[in-house]
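Notes to accompany the following structure.
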Amino acid sequence: MKKLTVSVVASLLTLGLIAGCGGAKTDAPAAAADTPKTDAAKGITLKVGATPVPHAEILKFVQPLAEKEGLKLEIVEFTDYVQPNLALAEKSLDANYFQHVPYLTEFAADRKLALVNAGAVHLEPLGVYSIKLKDMKDLKDGATITIPADATNGGRALNLLATAGLIKLKDGVGVKATPNDITENAKKLKFQQIDAEQLPRTLQDVDAAVINGNYYLEAKNSLKLNAATLAVESPTNNPYANIVAVRKGDESRPEIQKLMKLLNSAEVKKFIDEKFGGAVIAAF
């Protein structure tokens, strides 16, 4: 086996990794959205912050559907995972769409922000990928698997491997699991913890890697990956579905409810299924 060549970069994007997506730059929003803009001819405008893949892509698909309902979506793209919530709290946005509930809960509590979940849209499931193997049963004793280095996604990865029957974890450890919580490892698998956005690059050097769906989706195109999916996280009762967040109290606004109805429509589910090929799964 080749020596693992990927360097573990500094965790500058820790918050982003917990959110489930990747990015470094910040695109600041423009005008404030303290109250929704209303134009008699065009209806109500909602300013929604989103990260590019797949969130902004899904919103762009919804835009013409929303226009027919008298709702104009103004999409503000961000490539980091701090500014969208700050912009929402500061009323520069009406809503944002980039994160899951565990991230929102921790972020809002740490900064004392009154932000809430308006509804789930999709899941970016963790998957076990390999360019060397076609099936999990082909995993040999002593094989090396890379997993996310951050606590949240690292625990998710170990739970996925436990569900696949490769390891057993301490009872009750849940998503806080670390390699130290492994109680059975019959194949004597070796685990390397790597920053989540770097995981696709490890596939050349290891037997398998547990990768966030969005990172795999981006790397599939940029790195021309042709990896087999050995296992994938179940969407059923999964707490990591990506949501639309709003300021507390705004979840009952008619225009927000209209947006959620559109995002949870059969048209959007079909778009997600056809566009992302399983790397993104509708959560409704």
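Here's how to read the names in the structure tokens: chain A, B, ... by the order shown, residue numbers from 1 in each chain, ligand numbers from 1 in the order shown.
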Each residue of segment 164-263 of chain A with at least one atom at most 7 Å from segment 98-104 of chain A should appear once, together with its nearest atom pair and the corresponding distance in Å (one decimal); atoms considered: only C-alpha atoms; ordering: chain, then increasing residue number; output as CSV.
residue,atom,partner,partner_atom,distance
A:Pro239,CA,A:Val101,CA,6.9
A:Tyr240,CA,A:His100,CA,5.1
A:Ala241,CA,A:His100,CA,5.5
A:Asn242,CA,A:His100,CA,4.3
A:Ile243,CA,A:His100,CA,5.6
Can I get the selected residues back with N, CA and C atoms, as a PDB file, in the first residue's frame?
ATOM      1  N   PRO A 239     -30.472  13.193  11.644  1.00  0.00           N
ATOM      2  CA  PRO A 239     -30.498  14.563  12.168  1.00  0.00           C
ATOM      3  C   PRO A 239     -29.690  15.551  11.341  1.00  0.00           C
ATOM      4  N   TYR A 240     -29.010  15.049  10.297  1.00  0.00           N
ATOM      5  CA  TYR A 240     -28.105  15.923   9.555  1.00  0.00           C
ATOM      6  C   TYR A 240     -28.697  16.431   8.240  1.00  0.00           C
ATOM      7  N   ALA A 241     -30.006  16.372   8.114  1.00  0.00           N
ATOM      8  CA  ALA A 241     -30.645  16.952   6.936  1.00  0.00           C
ATOM      9  C   ALA A 241     -30.397  18.457   6.914  1.00  0.00           C
ATOM     10  N   ASN A 242     -30.118  18.999   5.740  1.00  0.00           N
ATOM     11  CA  ASN A 242     -29.889  20.433   5.603  1.00  0.00           C
ATOM     12  C   ASN A 242     -31.219  21.168   5.589  1.00  0.00           C
ATOM     13  N   ILE A 243     -31.251  22.293   6.267  1.00  0.00           N
ATOM     14  CA  ILE A 243     -32.494  22.998   6.557  1.00  0.00           C
ATOM     15  C   ILE A 243     -32.475  24.434   6.043  1.00  0.00           C
TER      16      ILE A 243
END
Set the distance at 12 Å and use only C-alpha atoms: which residues neighbour Ala120 of chain A once local chain neighbours fewer than 4 positions away are removed? I'd like the list as an MDAnalysis selection string. chainID A and resid 55 96:101 116 124 235 237:245 259:265 281:284
May I have the residues from that selection written out with C-alpha atoms, as a compact mmCIF listing (two decimals), in the first residue's frame?
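This is the output file out24.txt:
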# COMPACT_ATOMS: atom_id res chain seq x y z
CA HIS A 55 -28.10 24.65 -1.98
CA ASN A 96 -30.49 30.92 4.76
CA TYR A 97 -30.02 27.40 3.48
CA PHE A 98 -26.70 25.65 4.07
CA GLN A 99 -26.64 23.83 7.42
CA HIS A 100 -28.12 21.05 9.52
CA VAL A 101 -29.85 21.40 12.89
CA VAL A 116 -34.64 28.52 14.21
CA GLU A 124 -25.87 15.09 2.02
CA PRO A 235 -31.82 9.37 5.37
CA ASN A 237 -34.60 9.95 10.98
CA ASN A 238 -31.21 11.41 10.11
CA PRO A 239 -30.50 14.56 12.17
CA TYR A 240 -28.10 15.92 9.55
CA ALA A 241 -30.64 16.95 6.94
CA ASN A 242 -29.89 20.43 5.60
CA ILE A 243 -32.49 23.00 6.56
CA VAL A 244 -33.77 26.49 5.88
CA ALA A 245 -33.07 28.73 8.88
CA LEU A 259 -40.90 28.79 0.14
CA MET A 260 -40.82 25.63 2.25
CA LYS A 261 -43.80 24.18 0.40
CA LEU A 262 -41.95 24.72 -2.89
CA LEU A 263 -38.69 23.27 -1.53
CA ASN A 264 -40.59 20.20 -0.33
CA SER A 265 -42.40 19.68 -3.62
CA ILE A 281 -31.10 12.90 -1.04
CA ALA A 282 -34.43 14.65 -0.52
CA ALA A 283 -35.29 14.75 3.19
CA PHE A 284 -39.07 15.06 2.78
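Each of A:Val246, A:Ile145, A:Ala56, A:Val173 was compared to Leu199 of chain A using only C-alpha atoms, and A:Ile145 turns out to be the nearest.
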Counting only C-alpha atoms, figure out which residue out of A:Val76, A:Ala177, A:Ala108, A:Ala66 gets nearest to Lys47 of chain A. A:Val76
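As for atom CA of Gly172 of chain A and atom CA of Ala149 of chain A, they are spaced 20.7 Å apart.
Of the listed residues A:Pro125, A:Pro179, A:Gly174, A:Pro54, the one whose atoms come nearest to Phe271 of chain A is A:Pro54, with distances taken using only C-alpha atoms.
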How would you write, as a ChimeraX atom specification, the set of residues in segment 74-241 of chain A that DSSP gives as strand (DSSP E or B)? /A:74-77,95-100,115-123,127-130,144-148,168-169,182-184,190-194,208-211,228-232
Just C-alpha atoms for this one: save the residues we selected as a PDB file, in the first residue's frame.
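So the final result, stored in result-v8.pdb, reads:
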ATOM      1  CA  GLU A  74     -32.969  36.738  -4.410  1.00  0.00           C
ATOM      2  CA  ILE A  75     -30.135  34.249  -3.837  1.00  0.00           C
ATOM      3  CA  VAL A  76     -26.991  35.442  -2.055  1.00  0.00           C
ATOM      4  CA  GLU A  77     -24.161  32.910  -2.311  1.00  0.00           C
ATOM      5  CA  ALA A  95     -33.511  33.085   5.430  1.00  0.00           C
ATOM      6  CA  ASN A  96     -30.493  30.923   4.765  1.00  0.00           C
ATOM      7  CA  TYR A  97     -30.020  27.403   3.482  1.00  0.00           C
ATOM      8  CA  PHE A  98     -26.700  25.650   4.070  1.00  0.00           C
ATOM      9  CA  GLN A  99     -26.636  23.831   7.416  1.00  0.00           C
ATOM     10  CA  HIS A 100     -28.118  21.054   9.522  1.00  0.00           C
ATOM     11  CA  LEU A 115     -32.395  31.526  14.804  1.00  0.00           C
ATOM     12  CA  VAL A 116     -34.637  28.518  14.207  1.00  0.00           C
ATOM     13  CA  ASN A 117     -35.275  25.704  11.767  1.00  0.00           C
ATOM     14  CA  ALA A 118     -38.027  26.414   9.213  1.00  0.00           C
ATOM     15  CA  GLY A 119     -37.872  22.927   7.691  1.00  0.00           C
ATOM     16  CA  ALA A 120     -35.611  20.269   6.178  1.00  0.00           C
ATOM     17  CA  VAL A 121     -34.903  19.994   2.451  1.00  0.00           C
ATOM     18  CA  HIS A 122     -32.131  17.512   1.733  1.00  0.00           C
ATOM     19  CA  LEU A 123     -29.466  15.252   3.203  1.00  0.00           C
ATOM     20  CA  GLY A 127     -20.678   7.476   1.979  1.00  0.00           C
ATOM     21  CA  VAL A 128     -17.916   4.874   2.056  1.00  0.00           C
ATOM     22  CA  TYR A 129     -16.102   5.250  -1.278  1.00  0.00           C
ATOM     23  CA  SER A 130     -13.262   3.304  -2.885  1.00  0.00           C
ATOM     24  CA  THR A 144      -6.814   1.629   5.897  1.00  0.00           C
ATOM     25  CA  ILE A 145      -9.900   3.842   5.907  1.00  0.00           C
ATOM     26  CA  THR A 146      -9.817   7.629   6.090  1.00  0.00           C
ATOM     27  CA  ILE A 147     -12.576   9.415   8.024  1.00  0.00           C
ATOM     28  CA  PRO A 148     -13.367  13.087   8.757  1.00  0.00           C
ATOM     29  CA  LYS A 168     -18.639  -2.128  17.048  1.00  0.00           C
ATOM     30  CA  LEU A 169     -18.792   0.967  19.231  1.00  0.00           C
ATOM     31  CA  ILE A 182     -14.278   1.088  19.002  1.00  0.00           C
ATOM     32  CA  THR A 183     -14.828  -2.078  21.039  1.00  0.00           C
ATOM     33  CA  GLU A 184     -14.582  -4.628  18.229  1.00  0.00           C
ATOM     34  CA  LYS A 190      -6.691   1.220  10.474  1.00  0.00           C
ATOM     35  CA  PHE A 191      -8.269   4.668  10.615  1.00  0.00           C
ATOM     36  CA  GLN A 192      -6.715   7.926   9.454  1.00  0.00           C
ATOM     37  CA  GLN A 193      -8.464  11.147  10.476  1.00  0.00           C
ATOM     38  CA  ILE A 194      -8.263  13.755   7.702  1.00  0.00           C
ATOM     39  CA  ALA A 208     -11.624   3.328   1.356  1.00  0.00           C
ATOM     40  CA  ALA A 209     -12.670   6.755   2.597  1.00  0.00           C
ATOM     41  CA  VAL A 210     -15.797   7.986   4.367  1.00  0.00           C
ATOM     42  CA  ILE A 211     -16.669  11.231   2.584  1.00  0.00           C
ATOM     43  CA  ALA A 228     -17.497   2.770  -6.061  1.00  0.00           C
ATOM     44  CA  THR A 229     -19.992   3.487  -3.273  1.00  0.00           C
ATOM     45  CA  LEU A 230     -19.589   0.715  -0.698  1.00  0.00           C
ATOM     46  CA  ALA A 231     -22.122   2.042   1.832  1.00  0.00           C
ATOM     47  CA  VAL A 232     -24.199   5.168   2.350  1.00  0.00           C
TER      48      VAL A 232
END
Could you give me the residues within segment 37-77 of chain A that DSSP places in alpha helix (DSSP H), as a list in words? Glu57, Ile58, Leu59, Lys60, Phe61, Val62, Gln63, Pro64, Leu65, Ala66, Glu67 and Lys68 of chain A
